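> Hey, dropping data_25.cif in here, mmCIF, C-alpha atoms:
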data_my_file
#
loop_
_atom_site.group_PDB
_atom_site.id
_atom_site.type_symbol
_atom_site.label_atom_id
_atom_site.label_comp_id
_atom_site.auth_asym_id
_atom_site.auth_seq_id
_atom_site.Cartn_x
_atom_site.Cartn_y
_atom_site.Cartn_z
ATOM 1 C CA MET A 1 -14.347 -21.007 -53.423
ATOM 2 C CA ILE A 2 -10.898 -20.336 -52.122
ATOM 3 C CA ASP A 3 -8.612 -22.614 -50.111
ATOM 4 C CA ALA A 4 -4.883 -23.226 -50.447
ATOM 5 C CA SER A 5 -4.999 -26.309 -48.218
ATOM 6 C CA VAL A 6 -6.724 -28.494 -50.831
ATOM 7 C CA GLU A 7 -6.294 -29.218 -54.533
ATOM 8 C CA GLY A 8 -9.892 -28.294 -55.304
ATOM 9 C CA PRO A 9 -13.497 -28.978 -54.386
ATOM 10 C CA ALA A 10 -14.451 -32.536 -53.425
ATOM 11 C CA ARG A 11 -16.654 -32.659 -56.513
ATOM 12 C CA GLN A 12 -16.894 -30.563 -59.637
ATOM 13 C CA HIS A 13 -19.847 -28.467 -60.771
ATOM 14 C CA PRO A 14 -20.129 -25.834 -63.525
ATOM 15 C CA ASN A 15 -21.104 -23.231 -60.920
ATOM 16 C CA PHE A 16 -18.028 -23.911 -58.763
ATOM 17 C CA HIS A 17 -15.131 -21.521 -59.247
ATOM 18 C CA PHE A 18 -12.086 -22.472 -57.184
ATOM 19 C CA GLN A 19 -8.809 -20.676 -56.481
ATOM 20 C CA ARG A 20 -5.943 -22.318 -54.604
ATOM 21 C CA LEU A 21 -4.986 -19.312 -52.470
ATOM 22 C CA TRP A 22 -5.094 -18.370 -48.799
ATOM 23 C CA LEU A 23 -7.663 -15.776 -47.773
ATOM 24 C CA ALA A 24 -5.770 -13.029 -45.917
ATOM 25 C CA ASN A 25 -6.043 -9.388 -44.949
ATOM 26 C CA GLU A 26 -3.929 -8.396 -47.970
ATOM 27 C CA SER A 27 -3.297 -9.797 -51.431
ATOM 28 C CA ARG A 28 0.093 -11.240 -52.440
ATOM 29 C CA PRO A 29 -0.023 -12.600 -56.011
ATOM 30 C CA GLY A 30 0.056 -16.378 -56.162
ATOM 31 C CA GLN A 31 -0.170 -16.734 -52.371
ATOM 32 C CA THR A 32 -2.988 -14.795 -50.724
ATOM 33 C CA ILE A 33 -5.992 -12.704 -51.651
ATOM 34 C CA SER A 34 -7.951 -10.241 -49.554
ATOM 35 C CA LEU A 35 -11.682 -10.676 -49.169
ATOM 36 C CA GLU A 36 -12.155 -7.333 -50.925
ATOM 37 C CA ASP A 37 -10.044 -8.336 -53.944
ATOM 38 C CA TRP A 38 -11.588 -11.798 -54.144
ATOM 39 C CA VAL A 39 -15.162 -10.512 -54.140
ATOM 40 C CA ARG A 40 -14.321 -7.747 -56.614
ATOM 41 C CA ALA A 41 -12.815 -10.280 -59.035
ATOM 42 C CA SER A 42 -15.117 -13.255 -58.536
ATOM 43 C CA ALA A 43 -18.542 -12.408 -57.153
ATOM 44 C CA PRO A 44 -21.659 -11.398 -59.023
ATOM 45 C CA ASP A 45 -23.467 -8.171 -58.158
ATOM 46 C CA GLY A 46 -26.004 -8.248 -55.344
ATOM 47 C CA ASP A 47 -26.258 -10.077 -52.063
ATOM 48 C CA LEU A 48 -23.749 -12.768 -51.153
ATOM 49 C CA ILE A 49 -23.315 -15.552 -48.604
ATOM 50 C CA LEU A 50 -19.970 -15.987 -46.852
ATOM 51 C CA GLN A 51 -18.943 -19.254 -45.215
ATOM 52 C CA ILE A 52 -15.574 -18.822 -43.552
ATOM 53 C CA ASP A 53 -13.386 -21.179 -41.507
ATOM 54 C CA ILE A 54 -9.781 -20.031 -41.769
ATOM 55 C CA GLU A 55 -8.242 -21.153 -38.485
ATOM 56 C CA GLY A 56 -7.884 -17.813 -36.705
ATOM 57 C CA ASP A 57 -7.277 -15.604 -39.723
ATOM 58 C CA GLU A 58 -10.947 -14.637 -39.682
ATOM 59 C CA TYR A 59 -10.082 -11.769 -37.323
ATOM 60 C CA PRO A 60 -7.702 -9.779 -39.584
ATOM 61 C CA VAL A 61 -9.628 -10.721 -42.749
ATOM 62 C CA LEU A 62 -12.984 -9.480 -41.473
ATOM 63 C CA LEU A 63 -11.629 -6.534 -39.473
ATOM 64 C CA ASN A 64 -9.858 -5.256 -42.598
ATOM 65 C CA ALA A 65 -12.872 -5.665 -44.876
ATOM 66 C CA SER A 66 -14.806 -2.502 -45.680
ATOM 67 C CA ASP A 67 -18.260 -1.884 -44.257
ATOM 68 C CA THR A 68 -19.579 -1.780 -47.827
ATOM 69 C CA LEU A 69 -18.195 -5.251 -48.518
ATOM 70 C CA LEU A 70 -19.450 -6.774 -45.266
ATOM 71 C CA SER A 71 -22.924 -5.383 -45.891
ATOM 72 C CA ARG A 72 -23.069 -7.321 -49.190
ATOM 73 C CA PHE A 73 -23.077 -10.578 -47.245
ATOM 74 C CA ARG A 74 -26.677 -11.314 -46.376
ATOM 75 C CA ILE A 75 -25.545 -14.375 -44.417
ATOM 76 C CA ILE A 76 -22.189 -15.026 -42.763
ATOM 77 C CA ALA A 77 -21.522 -18.534 -41.456
ATOM 78 C CA LEU A 78 -18.412 -18.031 -39.371
ATOM 79 C CA GLU A 79 -16.243 -20.331 -37.307
ATOM 80 C CA LEU A 80 -14.461 -18.282 -34.652
ATOM 81 C CA HIS A 81 -11.173 -19.665 -33.371
ATOM 82 C CA ASN A 82 -9.261 -18.902 -30.169
ATOM 83 C CA VAL A 83 -12.313 -17.528 -28.362
ATOM 84 C CA THR A 84 -10.725 -18.445 -25.024
ATOM 85 C CA ALA A 85 -8.287 -15.589 -25.697
ATOM 86 C CA ILE A 86 -10.945 -13.348 -24.108
ATOM 87 C CA THR A 87 -9.431 -14.225 -20.736
ATOM 88 C CA ALA A 88 -6.663 -11.707 -21.609
ATOM 89 C CA GLN A 89 -7.391 -8.047 -22.366
ATOM 90 C CA ALA A 90 -5.879 -8.150 -25.874
ATOM 91 C CA GLY A 91 -7.901 -11.246 -26.791
ATOM 92 C CA LEU A 92 -11.086 -9.725 -25.409
ATOM 93 C CA GLN A 93 -10.510 -6.573 -27.463
ATOM 94 C CA LEU A 94 -9.933 -8.618 -30.637
ATOM 95 C CA VAL A 95 -13.054 -10.779 -30.282
ATOM 96 C CA GLU A 96 -15.141 -7.821 -29.139
ATOM 97 C CA SER A 97 -13.933 -5.662 -32.068
ATOM 98 C CA LEU A 98 -14.917 -8.332 -34.575
ATOM 99 C CA MET A 99 -18.319 -8.953 -33.005
ATOM 100 C CA LYS A 100 -19.130 -5.233 -32.809
ATOM 101 C CA ARG A 101 -18.089 -4.848 -36.429
ATOM 102 C CA LEU A 102 -20.272 -7.718 -37.616
ATOM 103 C CA LEU A 103 -23.246 -6.632 -35.512
ATOM 104 C CA ILE A 104 -23.439 -3.326 -37.403
ATOM 105 C CA ASN A 105 -25.224 -5.068 -40.308
ATOM 106 C CA HIS A 106 -25.845 -8.612 -39.039
ATOM 107 C CA GLU A 107 -27.564 -10.483 -36.231
ATOM 108 C CA VAL A 108 -26.502 -13.678 -34.523
ATOM 109 C CA VAL A 109 -29.156 -16.285 -35.281
ATOM 110 C CA HIS A 110 -27.258 -19.395 -34.235
ATOM 111 C CA SER A 111 -24.264 -20.139 -32.072
ATOM 112 C CA ASN A 112 -22.770 -23.534 -31.418
ATOM 113 C CA GLN A 113 -19.748 -24.545 -29.415
ATOM 114 C CA ASN A 114 -17.198 -27.238 -30.098
ATOM 115 C CA GLU A 115 -17.844 -29.797 -27.377
ATOM 116 C CA THR A 116 -14.429 -31.427 -27.783
ATOM 117 C CA CYS A 117 -12.284 -28.415 -26.934
ATOM 118 C CA ARG A 118 -11.080 -26.953 -23.655
ATOM 119 C CA LYS A 119 -13.471 -24.650 -21.776
ATOM 120 C CA VAL A 120 -12.697 -21.733 -19.458
ATOM 121 C CA ARG A 121 -14.809 -19.727 -17.028
ATOM 122 C CA VAL A 122 -15.017 -16.026 -17.864
ATOM 123 C CA GLY A 123 -17.152 -13.714 -15.731
ATOM 124 C CA GLY A 124 -19.449 -16.550 -14.699
ATOM 125 C CA LEU A 125 -19.789 -17.927 -18.243
ATOM 126 C CA THR A 126 -18.312 -21.140 -19.600
ATOM 127 C CA VAL A 127 -16.559 -20.411 -22.890
ATOM 128 C CA PRO A 128 -15.290 -23.194 -25.196
#
As a first step, turn the structure in this file into structure tokens.

Amino acid sequence: MIDASVEGPARQHPNFHFQRLWLANESRPGQTISLEDWVRASAPDGDLILQIDIEGDEYPVLLNASDTLLSRFRIIALELHNVTAITAQAGLQLVESLMKRLLINHEVVHSNQNETCRKVRVGGLTVP
């Protein structure tokens, strides 16, 4: 586990390994760690599961991860932020780039929207 916004996990367990760092697209000692560096240093061999909710930084983190690394994640539970940015060309390109990248080795099996946030109409679709 990695999260600089908390002191540690809500409860302790011998199988929990926690680092108080921000996940970012590049490593800066004592501050951030890239997904690549974190997995290399912390994860066992074989398939992995990634649960990621990093308030918008999911785009650079996942877009900068290698295809080899992303393919190690059998399951990715991802919270996408700022999806309404698709109303502008740059935002559409960012979201589309990430989705195309993830769809190389993964399939969407569940999607859920935040019912409490603002919604916009994009090409006939309502997007939260």
> Suppose you want the space between CA of Ile2 (chain A) and CA of Trp22 (chain A); what is it in Å?
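Atom-to-atom, CA of Ile2 (chain A) and CA of Trp22 (chain A) are spaced 7.0 Å apart.
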> Report, in Å with one decimal, the straight-line distance from CA of Gln113 (chain A) to CA of Pro128 (chain A).
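About the pair CA of Gln113 (chain A) and CA of Pro128 (chain A): they are 6.3 Å apart.
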> What does the distance from CA of Leu102 (chain A) to CA of Phe73 (chain A) come to in Å, to one decimal?
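Taking CA of Leu102 (chain A) as the start and CA of Phe73 (chain A) as the end point, the length is 10.4 Å.
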> So, with all atoms listed in the file as the atoms that count, which of A:Thr68, A:Thr84, A:Asn15, A:Asn112 lies closest to Ser42 (chain A)?
A:Asn15
> Under the rule that all atoms listed in the file are counted, which of A:Ile49, A:Gly123, A:Tyr59, A:Cys117 is the nearest residue to Gly91 (chain A)?
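Of the candidates, the smallest distance to Gly91 (chain A) is held by A:Tyr59.
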> Select, from A:Leu48, A:Ala43, A:Leu92, A:Ile54, the residue with the minimum atom-to-atom distance to Ala4 (chain A), counting all atoms listed in the file.
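Ranking A:Leu48, A:Ala43, A:Leu92, A:Ile54 by distance to Ala4 (chain A), first place goes to A:Ile54.
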> Taking the file as shown, what set of residues would the PyMOL selection byres ((chain A and resi 38) around 12) give back, as a ChimeraX atom specification?
/A:1-3,17-29,32-37,39-44,50,61,65,69
